[in-house]
file model22.cif (mmCIF, C-alpha atoms)
data_run
loop_
_atom_site.group_PDB
_atom_site.id
_atom_site.type_symbol
_atom_site.label_atom_id
_atom_site.label_comp_id
_atom_site.auth_asym_id
_atom_site.auth_seq_id
_atom_site.Cartn_x
_atom_site.Cartn_y
_atom_site.Cartn_z
ATOM 1 C CA MET A 1 40.584 24.507 77.780
ATOM 2 C CA VAL A 2 37.089 25.959 77.717
ATOM 3 C CA THR A 3 35.507 23.072 79.630
ATOM 4 C CA LEU A 4 37.735 23.478 82.684
ATOM 5 C CA GLN A 5 37.347 27.255 82.577
ATOM 6 C CA THR A 6 33.570 26.903 82.504
ATOM 7 C CA VAL A 7 33.571 24.373 85.346
ATOM 8 C CA ALA A 8 35.806 26.634 87.429
ATOM 9 C CA PHE A 9 33.509 29.592 86.707
ATOM 10 C CA ALA A 10 30.424 27.579 87.708
ATOM 11 C CA VAL A 11 32.028 26.400 90.963
ATOM 12 C CA LEU A 12 33.066 29.947 91.857
ATOM 13 C CA CYS A 13 29.560 31.244 91.187
ATOM 14 C CA LEU A 14 28.128 28.457 93.348
ATOM 15 C CA VAL A 15 30.451 29.346 96.218
ATOM 16 C CA ALA A 16 29.584 33.040 95.868
ATOM 17 C CA VAL A 17 25.865 32.292 96.113
ATOM 18 C CA LEU A 18 26.157 29.794 98.978
ATOM 19 C CA ARG A 19 28.339 32.054 101.094
ATOM 20 C CA VAL A 20 26.236 35.214 100.818
ATOM 21 C CA GLY A 21 24.544 34.512 104.138
ATOM 22 C CA SER A 22 27.820 33.728 105.900
ATOM 23 C CA ALA A 23 29.457 36.830 104.455
ATOM 24 C CA ARG A 24 26.704 38.996 105.900
ATOM 25 C CA SER A 25 26.880 37.582 109.405
ATOM 26 C CA ASN A 26 30.497 36.466 109.731
ATOM 27 C CA PRO A 27 33.419 38.822 108.981
ATOM 28 C CA HIS A 28 35.746 35.822 108.611
ATOM 29 C CA ALA A 29 33.627 34.461 105.743
ATOM 30 C CA ARG A 30 33.704 37.673 103.730
ATOM 31 C CA MET A 31 37.181 37.034 102.354
ATOM 32 C CA SER A 32 36.203 33.701 100.814
ATOM 33 C CA TRP A 33 32.994 35.196 99.442
ATOM 34 C CA LEU A 34 34.878 38.137 97.944
ATOM 35 C CA ALA A 35 37.514 35.756 96.558
ATOM 36 C CA SER A 36 34.836 33.727 94.797
ATOM 37 C CA VAL A 37 33.200 36.841 93.320
ATOM 38 C CA VAL A 38 36.481 38.320 92.058
ATOM 39 C CA GLY A 39 37.615 34.910 90.818
ATOM 40 C CA ALA A 40 34.385 34.438 88.884
ATOM 41 C CA LEU A 41 34.862 37.850 87.267
ATOM 42 C CA ALA A 42 38.430 36.893 86.342
ATOM 43 C CA LEU A 43 37.261 33.700 84.632
ATOM 44 C CA LEU A 44 34.489 35.641 82.935
ATOM 45 C CA THR A 45 37.144 37.687 81.116
ATOM 46 C CA LEU A 46 38.520 34.540 79.443
ATOM 47 C CA GLY A 47 35.641 34.432 76.990
ATOM 48 C CA SER A 48 34.223 31.010 77.849
ATOM 49 C CA VAL A 49 30.913 32.546 78.968
ATOM 50 C CA ILE A 50 30.783 35.892 77.156
ATOM 51 C CA PRO A 51 32.733 36.113 73.861
ATOM 52 C CA LEU A 52 36.144 37.689 74.313
ATOM 53 C CA GLY A 53 35.511 40.007 71.384
ATOM 54 C CA VAL A 54 32.505 41.488 73.144
ATOM 55 C CA LEU A 55 34.355 42.041 76.408
ATOM 56 C CA ASP A 56 37.527 43.455 74.901
ATOM 57 C CA GLY A 57 35.541 45.384 72.316
ATOM 58 C CA ALA A 58 33.882 47.303 75.127
ATOM 59 C CA LEU A 59 37.372 48.335 76.266
ATOM 60 C CA GLY A 60 38.555 49.446 72.839
ATOM 61 C CA GLY A 61 39.490 46.135 71.223
ATOM 62 C CA THR A 62 43.222 46.352 72.008
ATOM 63 C CA ASN A 63 43.516 43.362 74.372
ATOM 64 C CA LEU A 64 43.083 45.520 77.450
ATOM 65 C CA ILE A 65 40.908 42.689 78.732
ATOM 66 C CA TYR A 66 44.127 40.702 79.291
ATOM 67 C CA LEU A 67 45.299 43.249 81.853
ATOM 68 C CA VAL A 68 41.880 43.274 83.527
ATOM 69 C CA GLN A 69 41.976 39.475 83.667
ATOM 70 C CA ASN A 70 45.403 39.470 85.313
ATOM 71 C CA LEU A 71 44.421 42.124 87.848
ATOM 72 C CA LEU A 72 41.301 40.200 88.837
ATOM 73 C CA ALA A 73 42.985 36.783 88.920
ATOM 74 C CA THR A 74 45.888 37.971 91.073
ATOM 75 C CA THR A 75 43.535 39.710 93.490
ATOM 76 C CA ALA A 76 41.333 36.612 93.652
ATOM 77 C CA PHE A 77 44.274 34.347 94.505
ATOM 78 C CA TRP A 78 45.404 36.781 97.183
ATOM 79 C CA LEU A 79 41.898 36.825 98.671
ATOM 80 C CA VAL A 80 41.829 33.019 98.624
ATOM 81 C CA LEU A 81 45.044 33.060 100.653
ATOM 82 C CA GLN A 82 43.396 35.307 103.243
ATOM 83 C CA ALA A 83 40.241 33.187 103.265
ATOM 84 C CA ALA A 84 42.037 29.853 103.618
ATOM 85 C CA ALA A 85 44.340 31.149 106.339
ATOM 86 C CA SER A 86 41.429 32.457 108.393
ATOM 87 C CA GLN A 87 38.930 29.634 107.843
ATOM 88 C CA GLU A 88 37.347 28.459 111.059
ATOM 89 C CA SER A 89 39.636 30.678 113.085
ATOM 90 C CA GLU A 90 38.569 33.376 115.479
ATOM 91 C CA ASP A 91 41.571 35.512 114.649
ATOM 92 C CA THR A 92 42.056 37.162 111.289
ATOM 93 C CA PRO A 93 45.622 36.622 110.074
ATOM 94 C CA HIS A 94 46.590 40.301 109.861
ATOM 95 C CA SER A 95 50.228 39.298 109.482
ATOM 96 C CA ARG A 96 49.397 37.753 106.111
ATOM 97 C CA ARG A 97 47.525 40.785 104.851
ATOM 98 C CA ARG A 98 50.469 42.470 103.234
ATOM 99 C CA TYR A 99 48.577 44.701 100.866
ATOM 100 C CA TRP A 100 51.759 46.295 99.578
ATOM 101 C CA VAL A 101 52.957 42.941 98.211
ATOM 102 C CA LEU A 102 49.752 42.571 96.216
ATOM 103 C CA GLY A 103 50.097 46.168 95.077
ATOM 104 C CA VAL A 104 53.682 45.655 93.876
ATOM 105 C CA ILE A 105 52.690 42.615 91.813
ATOM 106 C CA LEU A 106 49.731 44.403 90.224
ATOM 107 C CA VAL A 107 51.745 47.516 89.401
ATOM 108 C CA ALA A 108 54.719 45.528 88.071
ATOM 109 C CA PHE A 109 52.881 43.574 85.380
ATOM 110 C CA SER A 110 50.636 46.550 84.599
ATOM 111 C CA VAL A 111 53.681 48.686 83.788
ATOM 112 C CA ALA A 112 55.100 45.923 81.585
ATOM 113 C CA PHE A 113 51.729 45.652 79.820
ATOM 114 C CA LEU A 114 51.839 49.333 78.855
ATOM 115 C CA PHE A 115 55.025 48.733 76.841
ATOM 116 C CA ILE A 116 53.475 45.994 74.689
ATOM 117 C CA ASP A 117 52.691 46.949 71.109
ATOM 118 C CA ARG A 118 49.144 45.593 71.119
ATOM 119 C CA GLY A 119 47.062 44.561 68.137
ATOM 120 C CA PRO A 120 43.369 43.647 67.804
ATOM 121 C CA THR A 121 41.622 41.320 70.257
ATOM 122 C CA SER A 122 43.153 37.850 70.446
ATOM 123 C CA PRO A 123 42.567 34.942 72.861
ATOM 124 C CA THR A 124 46.285 34.155 72.546
ATOM 125 C CA PHE A 125 47.425 37.739 72.980
ATOM 126 C CA ILE A 126 50.660 37.033 74.876
ATOM 127 C CA HIS A 127 51.609 34.062 72.709
ATOM 128 C CA ASP A 128 51.037 36.171 69.607
ATOM 129 C CA ASN A 129 53.409 38.826 70.931
ATOM 130 C CA VAL A 130 56.021 36.612 72.525
ATOM 131 C CA ASP A 131 58.714 38.280 70.397
ATOM 132 C CA GLN A 132 58.233 41.380 72.529
ATOM 133 C CA LEU A 133 60.163 41.231 75.789
ATOM 134 C CA ALA A 134 57.517 43.416 77.444
ATOM 135 C CA ALA A 135 54.862 40.778 76.722
ATOM 136 C CA VAL A 136 57.015 37.992 78.152
ATOM 137 C CA LEU A 137 57.815 40.042 81.248
ATOM 138 C CA CYS A 138 54.183 41.049 81.753
ATOM 139 C CA ALA A 139 52.980 37.449 81.686
ATOM 140 C CA SER A 140 55.944 36.165 83.690
ATOM 141 C CA ILE A 141 55.517 38.707 86.488
ATOM 142 C CA TYR A 142 51.815 37.896 86.659
ATOM 143 C CA LEU A 143 52.461 34.142 86.737
ATOM 144 C CA ALA A 144 55.271 34.504 89.270
ATOM 145 C CA GLY A 145 52.877 36.458 91.469
ATOM 146 C CA ILE A 146 50.221 33.749 91.201
ATOM 147 C CA GLY A 147 52.823 31.085 91.926
ATOM 148 C CA GLY A 148 54.153 32.975 94.935
ATOM 149 C CA ILE A 149 50.674 33.459 96.380
ATOM 150 C CA SER A 150 49.923 29.767 95.790
ATOM 151 C CA LEU A 151 53.081 28.847 97.691
ATOM 152 C CA GLN A 152 52.002 31.093 100.564
ATOM 153 C CA LEU A 153 48.633 29.367 100.493
ATOM 154 C CA MET A 154 50.263 25.956 100.857
ATOM 155 C CA LEU A 155 52.475 27.185 103.693
ATOM 156 C CA ALA A 156 49.516 28.812 105.448
ATOM 157 C CA VAL A 157 47.588 25.544 105.731
ATOM 158 C CA ARG A 158 50.390 22.981 105.922
ATOM 159 C CA ARG A 159 50.278 22.794 109.730
ATOM 160 C CA ARG A 160 46.525 22.341 109.832
ATOM 161 C CA ARG A 161 45.620 18.790 110.767
ATOM 162 C CA LEU A 162 42.157 18.925 109.248
ATOM 163 C CA VAL A 163 41.767 16.703 106.195
ATOM 164 C CA ALA A 164 39.657 19.459 104.624
ATOM 165 C CA TYR A 165 42.784 21.472 103.833
ATOM 166 C CA TRP A 166 44.249 19.039 101.295
ATOM 167 C CA PRO A 167 42.509 20.721 98.296
ATOM 168 C CA PHE A 168 44.421 23.925 99.083
ATOM 169 C CA VAL A 169 47.742 22.097 99.162
ATOM 170 C CA VAL A 170 47.172 20.072 95.989
ATOM 171 C CA GLY A 171 45.466 22.953 94.192
ATOM 172 C CA GLY A 172 48.248 25.346 95.115
ATOM 173 C CA ALA A 173 50.876 22.863 93.922
ATOM 174 C CA LEU A 174 49.115 22.426 90.572
ATOM 175 C CA ALA A 175 48.890 26.197 90.116
ATOM 176 C CA ILE A 176 52.612 26.560 90.851
ATOM 177 C CA VAL A 177 53.513 23.847 88.335
ATOM 178 C CA ALA A 178 51.312 25.518 85.717
ATOM 179 C CA CYS A 179 52.877 28.935 86.304
ATOM 180 C CA ILE A 180 56.446 27.648 86.164
ATOM 181 C CA ASN A 181 55.667 25.687 83.001
ATOM 182 C CA GLU A 182 54.176 28.720 81.266
ATOM 183 C CA ILE A 183 57.037 31.028 82.237
ATOM 184 C CA VAL A 184 59.618 28.555 80.942
ATOM 185 C CA TRP A 185 57.834 28.105 77.621
ATOM 186 C CA LEU A 186 57.341 31.848 77.193
ATOM 187 C CA PHE A 187 61.082 32.419 77.385
ATOM 188 C CA ILE A 188 61.716 29.434 75.115
ATOM 189 C CA ALA A 189 59.328 30.947 72.586
ATOM 190 C CA HIS A 190 60.964 34.355 72.935
ATOM 191 C CA ALA A 191 64.318 32.769 72.136
ATOM 192 C CA HIS A 192 62.845 30.711 69.244
ATOM 193 C CA ALA A 193 64.552 27.658 70.728
ATOM 194 C CA VAL A 194 62.069 25.016 69.511
ATOM 195 C CA ASP A 195 59.735 24.402 66.597
ATOM 196 C CA ALA A 196 56.108 25.562 66.603
ATOM 197 C CA ARG A 197 54.652 22.108 67.328
ATOM 198 C CA THR A 198 56.824 21.558 70.395
ATOM 199 C CA GLN A 199 56.040 25.068 71.571
ATOM 200 C CA ALA A 200 52.301 24.428 71.252
ATOM 201 C CA LEU A 201 52.611 21.236 73.294
ATOM 202 C CA GLY A 202 54.450 23.150 75.995
ATOM 203 C CA TYR A 203 51.773 25.836 76.128
ATOM 204 C CA ALA A 204 49.028 23.180 76.246
ATOM 205 C CA LEU A 205 50.230 21.950 79.637
ATOM 206 C CA PHE A 206 49.165 25.157 81.380
ATOM 207 C CA ASP A 207 45.373 24.861 81.306
ATOM 208 C CA PRO A 208 44.956 21.357 82.802
ATOM 209 C CA PHE A 209 47.279 22.073 85.721
ATOM 210 C CA PHE A 210 46.112 25.616 86.407
ATOM 211 C CA TYR A 211 42.346 25.226 86.176
ATOM 212 C CA LEU A 212 42.293 21.908 88.014
ATOM 213 C CA GLY A 213 44.241 23.695 90.734
ATOM 214 C CA VAL A 214 41.705 26.521 90.790
ATOM 215 C CA ILE A 215 38.804 24.065 90.973
ATOM 216 C CA LEU A 216 40.425 22.216 93.883
ATOM 217 C CA ILE A 217 41.122 25.421 95.807
ATOM 218 C CA VAL A 218 37.575 26.684 95.340
ATOM 219 C CA ALA A 219 36.195 23.249 96.222
ATOM 220 C CA GLY A 220 38.206 23.499 99.429
ATOM 221 C CA ILE A 221 36.487 26.769 100.316
ATOM 222 C CA LEU A 222 33.109 25.282 99.401
ATOM 223 C CA SER A 223 33.785 22.283 101.634
ATOM 224 C CA PHE A 224 34.028 24.557 104.664
ATOM 225 C CA THR A 225 30.542 25.880 103.971
ATOM 226 C CA VAL A 226 29.122 22.375 103.608
ATOM 227 C CA ARG A 227 30.957 21.111 106.691
ATOM 228 C CA LYS A 228 29.814 24.097 108.718
ATOM 229 C CA TRP A 229 26.182 23.558 107.738
ATOM 230 C CA ASN A 230 26.439 19.864 108.585
ATOM 231 C CA ARG A 231 28.041 20.487 111.980
ATOM 232 C CA GLU A 232 25.563 23.212 112.888
ATOM 233 C CA THR A 233 22.652 20.956 111.956
ATOM 234 C CA GLN A 234 23.999 18.083 114.050
ATOM 235 C CA MET A 235 24.746 20.368 116.988
ATOM 236 C CA THR A 236 21.313 22.009 116.840
ATOM 237 C CA LEU A 237 19.650 18.598 116.894
ATOM 238 C CA ALA A 238 21.836 17.456 119.801
ATOM 239 C CA ILE A 239 21.037 20.592 121.817
ATOM 240 C CA ARG A 240 17.317 20.153 121.177
ATOM 241 C CA GLN A 241 17.419 16.522 122.334
ATOM 242 C CA LEU A 242 19.531 17.316 125.403
ATOM 243 C CA SER A 243 17.204 20.182 126.317
ATOM 244 C CA ARG A 244 14.257 17.791 126.258
ATOM 245 C CA ILE A 245 16.082 15.544 128.721
ATOM 246 C CA THR A 246 16.742 18.448 131.100
ATOM 247 C CA GLN A 247 13.142 19.599 130.828
ATOM 248 C CA ARG A 248 11.809 16.121 131.575
ATOM 249 C CA ALA A 249 14.150 15.837 134.542
ATOM 250 C CA GLY A 250 13.105 19.240 135.826
ATOM 251 C CA LEU A 251 16.641 20.611 135.790
ATOM 252 C CA THR A 252 17.057 24.357 136.200
ATOM 253 C CA SER A 253 20.156 24.784 134.056
ATOM 254 C CA ALA A 254 20.378 28.391 132.878
ATOM 255 C CA THR A 255 21.874 27.204 129.616
ATOM 256 C CA ALA A 256 19.028 24.817 128.964
ATOM 257 C CA GLU A 257 16.423 27.460 129.751
ATOM 258 C CA ASP A 258 18.023 30.241 127.745
ATOM 259 C CA GLY A 259 18.645 28.033 124.728
ATOM 260 C CA PRO A 260 21.271 28.311 121.999
ATOM 261 C CA ALA A 261 20.289 31.814 120.960
ATOM 262 C CA THR A 262 21.285 33.418 124.263
ATOM 263 C CA GLY A 263 23.316 30.700 125.927
ATOM 264 C CA GLY A 264 26.438 31.230 123.843
ATOM 265 C CA PRO A 265 28.036 29.302 120.976
ATOM 266 C CA GLN A 266 26.445 25.983 120.150
ATOM 267 C CA LEU A 267 29.426 23.970 121.344
ATOM 268 C CA SER A 268 29.357 25.673 124.745
ATOM 269 C CA VAL A 269 25.613 25.157 125.056
ATOM 270 C CA ALA A 270 25.866 21.451 124.256
ATOM 271 C CA TYR A 271 28.821 21.046 126.599
ATOM 272 C CA ASP A 272 26.979 22.726 129.491
ATOM 273 C CA LEU A 273 23.903 20.583 128.926
ATOM 274 C CA LEU A 274 26.004 17.418 128.884
ATOM 275 C CA ILE A 275 27.745 18.358 132.131
ATOM 276 C CA SER A 276 24.432 19.188 133.783
ATOM 277 C CA ILE A 277 22.829 15.885 132.774
ATOM 278 C CA HIS A 278 25.930 13.874 133.643
ATOM 279 C CA ASP A 279 26.223 15.421 137.120
ATOM 280 C CA GLU A 280 22.576 14.753 137.894
ATOM 281 C CA THR A 281 22.846 11.184 136.620
ATOM 282 C CA VAL A 282 25.945 10.427 138.702
ATOM 283 C CA ALA A 283 24.241 11.915 141.762
ATOM 284 C CA GLY A 284 21.311 9.566 141.189
ATOM 285 C CA ARG A 285 18.769 12.352 140.869
ATOM 286 C CA VAL A 286 17.989 11.542 137.220
ATOM 287 C CA GLN A 287 17.308 8.155 135.665
ATOM 288 C CA LEU A 288 17.808 8.057 131.900
ATOM 289 C CA THR A 289 15.850 5.837 129.561
ATOM 290 C CA ALA A 290 17.656 3.666 127.018
ATOM 291 C CA ARG A 291 16.821 6.155 124.283
ATOM 292 C CA GLU A 292 18.099 9.087 126.347
ATOM 293 C CA ARG A 293 21.348 7.251 127.023
ATOM 294 C CA ARG A 294 21.816 6.836 123.275
ATOM 295 C CA VAL A 295 21.114 10.544 122.772
ATOM 296 C CA LEU A 296 23.638 11.378 125.484
ATOM 297 C CA SER A 297 26.247 9.085 123.932
ATOM 298 C CA ARG A 298 25.837 10.624 120.473
ATOM 299 C CA ALA A 299 26.001 14.142 121.903
ATOM 300 C CA GLU A 300 29.168 13.315 123.839
ATOM 301 C CA ALA A 301 30.786 11.935 120.683
ATOM 302 C CA LEU A 302 29.768 15.054 118.746
ATOM 303 C CA VAL A 303 31.109 17.467 121.369
ATOM 304 C CA THR A 304 34.337 15.472 121.686
ATOM 305 C CA ARG A 305 34.814 15.603 117.919
ATOM 306 C CA GLU A 306 34.164 19.348 117.804
ATOM 307 C CA LEU A 307 36.619 19.982 120.628
ATOM 308 C CA GLY A 308 39.210 17.897 118.786
ATOM 309 C CA MET A 309 38.656 19.858 115.588
ATOM 310 C CA ALA A 310 39.002 23.129 117.485
ATOM 311 C CA GLU A 311 42.392 21.997 118.771
ATOM 312 C CA ALA A 312 43.455 21.005 115.250
ATOM 313 C CA ARG A 313 42.821 24.455 113.799
#

call {"tool": "encode", "arguments": {"input": "model22.cif", "output": "structure tokens"}}
result
Amino acid sequence: MVTLQTVAFAVLCLVAVLRVGSARSNPHARMSWLASVVGALALLTLGSVIPLGVLDGALGGTNLIYLVQNLLATTAFWLVLQAAASQESEDTPHSRRRYWVLGVILVAFSVAFLFIDRGPTSPTFIHDNVDQLAAVLCASIYLAGIGGISLQLMLAVRRRRLVAYWPFVVGGALAIVACINEIVWLFIAHAHAVDARTQALGYALFDPFFYLGVILIVAGILSFTVRKWNRETQMTLAIRQLSRITQRAGLTSATAEDGPATGGPQLSVAYDLLISIHDETVAGRVQLTARERRVLSRAEALVTRELGMAEAR
């Protein structure tokens, strides 16, 4: 399904571009950026952007591009798992970074690939060679790996209370369904258990499930970038408005004087400013205007929401 492949490729490229800045400054954002780059390269090998004949031709024209595609796609899914598990968390989930598991999957289907008697470039390479057990095993190991990583992805975010994690759960589920479907139909084809038309219908179920799953997962990563920008913008505005109140009142809060750049994380800065203003107001040393009370109320709601989100992570 070229349309879905192209959409998925475009979304991945968009995420890669938007997260360049975050990847430079935030180590926790580098996994999602790297996942989007590797994922885009994997989709590029499908031929929806650059003709498959050109890509595989550069590698000798013996369907070696299929192996490259599988290596990139598996690595991309694994990176997505790392990115999703560490999103908006101060601690990198080292326990999930089992590089040897990724290595075993990559080596396993690569070895099976070497035993396939390959012909000239074909977009349906595995389906064309389904009579060969090596081809069925190569594709099945690859798909089982993708399905297993997708399951880990769902388990990694299932306890998160943030609504933003639902694309990972739904996307992972769709990818698992697609992988199971393809594996089943590959073995059915290998056994010649059904006619060609039924077999084609079975194969056709893979693309809608798989690429919609990919799009949802990538959209989930993109949503964190958008949400982060939105929260930072709101918090910056709140800090600026609260600082004006402290300046007008002549408060000598170190946080207010130093500003967000040196006063610590934005949430801490806003919290300190709120406490300072509240204490002075309760003590009767500061009288707030109606507008300032509205500013204070909005800032309190924002800080309360951010604290709640921090607890939900």

call {"tool": "residues_around", "arguments": {"input": "model22.cif", "residues": "range 38-49 of chain A", "least_positions_apart": "4", "cutoff": "6 Å", "atoms": "only C-alpha atoms", "output": "list of chain:residue names"}}
result
A:Val2, A:Phe9, A:Leu12, A:Gln69, A:Leu72, A:Ala73, A:Ala76

call {"tool": "residues_around", "arguments": {"input": "model22.cif", "residues": "range 119-129 of chain A", "least_positions_apart": "5", "cutoff": "6 Å", "atoms": "all atoms listed in the file", "output": "JSON, numbers by chain"}}
result
{"A": [61, 62, 63, 135]}

call {"tool": "resolve_selection", "arguments": {"input": "model22.cif", "expression": "the PyMOL selection byres ((chain A and resi 111) around 12)", "output": "list of chain:residue names"}}
result
A:Leu67, A:Val104, A:Ile105, A:Leu106, A:Val107, A:Ala108, A:Phe109, A:Ser110, A:Ala112, A:Phe113, A:Leu114, A:Phe115, A:Ile116, A:Ala134, A:Ala135, A:Leu137, A:Cys138, A:Ala139, A:Ile141, A:Tyr142

call {"tool": "atom_distance", "arguments": {"input": "model22.cif", "atom1": "CA of Leu52 in chain A", "atom2": "CA of Asn70 in chain A"}}
result
14.5 Å

call {"tool": "atom_distance", "arguments": {"input": "model22.cif", "atom1": "CA of Leu14 in chain A", "atom2": "CA of Ala173 in chain A"}}
result
23.4 Å

call {"tool": "resolve_selection", "arguments": {"input": "model22.cif", "expression": "the PyMOL selection byres ((chain A and resi 151) around 12)", "output": "list in words"}}
result
Phe77, Trp78, Leu81, Ala144, Gly145, Ile146, Gly147, Gly148, Ile149, Ser150, Gln152, Leu153, Met154, Leu155, Ala156, Val157, Arg158, Phe168, Val169, Val170, Gly171, Gly172, Ala173, Leu174, Ala175, Ile176, Val177 and Cys179 of chain A

call {"tool": "residues_around", "arguments": {"input": "model22.cif", "residues": "Arg231 in chain A", "least_positions_apart": "5", "cutoff": "12 Å", "atoms": "all atoms listed in the file", "output": "list in words"}}
result
Ser223, Phe224, Thr225, Val226, Thr236, Leu237, Ala238, Gln266, Leu267, Ala299, Leu302, Val303, Arg305, Glu306 and Met309 of chain A

call {"tool": "atom_distance", "arguments": {"input": "model22.cif", "atom1": "CA of Ala189 in chain A", "atom2": "CA of Val54 in chain A"}}
result
28.8 Å

call {"tool": "resolve_selection", "arguments": {"input": "model22.cif", "expression": "the PyMOL selection byres ((chain A and resi 214) around 9)", "output": "short mmCIF file (atom, residue, chain, number, x, y, z; two decimals) with C-alpha atoms, keeping the file's coordinate frame"}}
result
data_model
loop_
_atom_site.label_atom_id
_atom_site.label_comp_id
_atom_site.auth_asym_id
_atom_site.auth_seq_id
_atom_site.Cartn_x
_atom_site.Cartn_y
_atom_site.Cartn_z
CA ALA A 8 35.81 26.63 87.43
CA GLY A 171 45.47 22.95 94.19
CA GLY A 172 48.25 25.35 95.12
CA LEU A 174 49.12 22.43 90.57
CA ALA A 175 48.89 26.20 90.12
CA PHE A 209 47.28 22.07 85.72
CA PHE A 210 46.11 25.62 86.41
CA TYR A 211 42.35 25.23 86.18
CA LEU A 212 42.29 21.91 88.01
CA GLY A 213 44.24 23.70 90.73
CA ILE A 215 38.80 24.06 90.97
CA LEU A 216 40.42 22.22 93.88
CA ILE A 217 41.12 25.42 95.81
CA VAL A 218 37.58 26.68 95.34
CA ALA A 219 36.20 23.25 96.22
#

call {"tool": "closest_residue", "arguments": {"input": "model22.cif", "among": "A:Phe187, A:Asn181, A:Gly57, A:Arg240", "to": "Asp131 in chain A", "atoms": "all atoms listed in the file"}}
result
A:Phe187

call {"tool": "closest_residue", "arguments": {"input": "model22.cif", "among": "A:Ala301, A:Ala249, A:Leu274, A:Ala58", "to": "Leu288 in chain A", "atoms": "all atoms listed in the file"}}
result
A:Ala249

call {"tool": "closest_residue", "arguments": {"input": "model22.cif", "among": "A:Leu222, A:Ala191, A:Val286, A:Leu205", "to": "Ser22 in chain A", "atoms": "all atoms listed in the file"}}
result
A:Leu222

call {"tool": "closest_residue", "arguments": {"input": "model22.cif", "among": "A:Trp166, A:Trp185, A:Phe206, A:Tyr271", "to": "Val130 in chain A", "atoms": "all atoms listed in the file"}}
result
A:Trp185

call {"tool": "build_atoms", "arguments": {"input": "model22.cif", "residues": "range 51-55 of chain A", "atoms": "all heavy atoms", "output": "PDB file, in the coordinates of the input"}}
result
ATOM      1  N   PRO A  51      31.661  36.067  74.864  1.00  0.00           N
ATOM      2  CA  PRO A  51      32.733  36.113  73.861  1.00  0.00           C
ATOM      3  C   PRO A  51      33.786  37.175  74.184  1.00  0.00           C
ATOM      4  O   PRO A  51      33.457  38.291  74.589  1.00  0.00           O
ATOM      5  CB  PRO A  51      31.988  36.444  72.568  1.00  0.00           C
ATOM      6  CG  PRO A  51      30.617  35.881  72.787  1.00  0.00           C
ATOM      7  CD  PRO A  51      30.327  36.112  74.248  1.00  0.00           C
ATOM      8  N   LEU A  52      35.041  36.787  74.003  1.00  0.00           N
ATOM      9  CA  LEU A  52      36.144  37.689  74.313  1.00  0.00           C
ATOM     10  C   LEU A  52      36.063  38.969  73.486  1.00  0.00           C
ATOM     11  O   LEU A  52      36.383  40.060  73.982  1.00  0.00           O
ATOM     12  CB  LEU A  52      37.478  36.981  74.046  1.00  0.00           C
ATOM     13  CG  LEU A  52      38.736  37.686  74.546  1.00  0.00           C
ATOM     14  CD1 LEU A  52      38.721  37.775  76.065  1.00  0.00           C
ATOM     15  CD2 LEU A  52      39.981  36.942  74.070  1.00  0.00           C
ATOM     16  N   GLY A  53      35.617  38.835  72.248  1.00  0.00           N
ATOM     17  CA  GLY A  53      35.511  40.007  71.384  1.00  0.00           C
ATOM     18  C   GLY A  53      34.546  41.044  71.930  1.00  0.00           C
ATOM     19  O   GLY A  53      34.771  42.253  71.793  1.00  0.00           O
ATOM     20  N   VAL A  54      33.490  40.573  72.563  1.00  0.00           N
ATOM     21  CA  VAL A  54      32.505  41.488  73.144  1.00  0.00           C
ATOM     22  C   VAL A  54      33.104  42.218  74.342  1.00  0.00           C
ATOM     23  O   VAL A  54      32.969  43.442  74.482  1.00  0.00           O
ATOM     24  CB  VAL A  54      31.238  40.712  73.576  1.00  0.00           C
ATOM     25  CG1 VAL A  54      30.276  41.638  74.318  1.00  0.00           C
ATOM     26  CG2 VAL A  54      30.561  40.093  72.363  1.00  0.00           C
ATOM     27  N   LEU A  55      33.771  41.453  75.205  1.00  0.00           N
ATOM     28  CA  LEU A  55      34.355  42.041  76.408  1.00  0.00           C
ATOM     29  C   LEU A  55      35.467  43.024  76.075  1.00  0.00           C
ATOM     30  O   LEU A  55      35.489  44.155  76.570  1.00  0.00           O
ATOM     31  CB  LEU A  55      34.898  40.928  77.314  1.00  0.00           C
ATOM     32  CG  LEU A  55      33.865  39.969  77.909  1.00  0.00           C
ATOM     33  CD1 LEU A  55      34.567  38.811  78.615  1.00  0.00           C
ATOM     34  CD2 LEU A  55      32.955  40.698  78.888  1.00  0.00           C
TER      35      LEU A  55
END
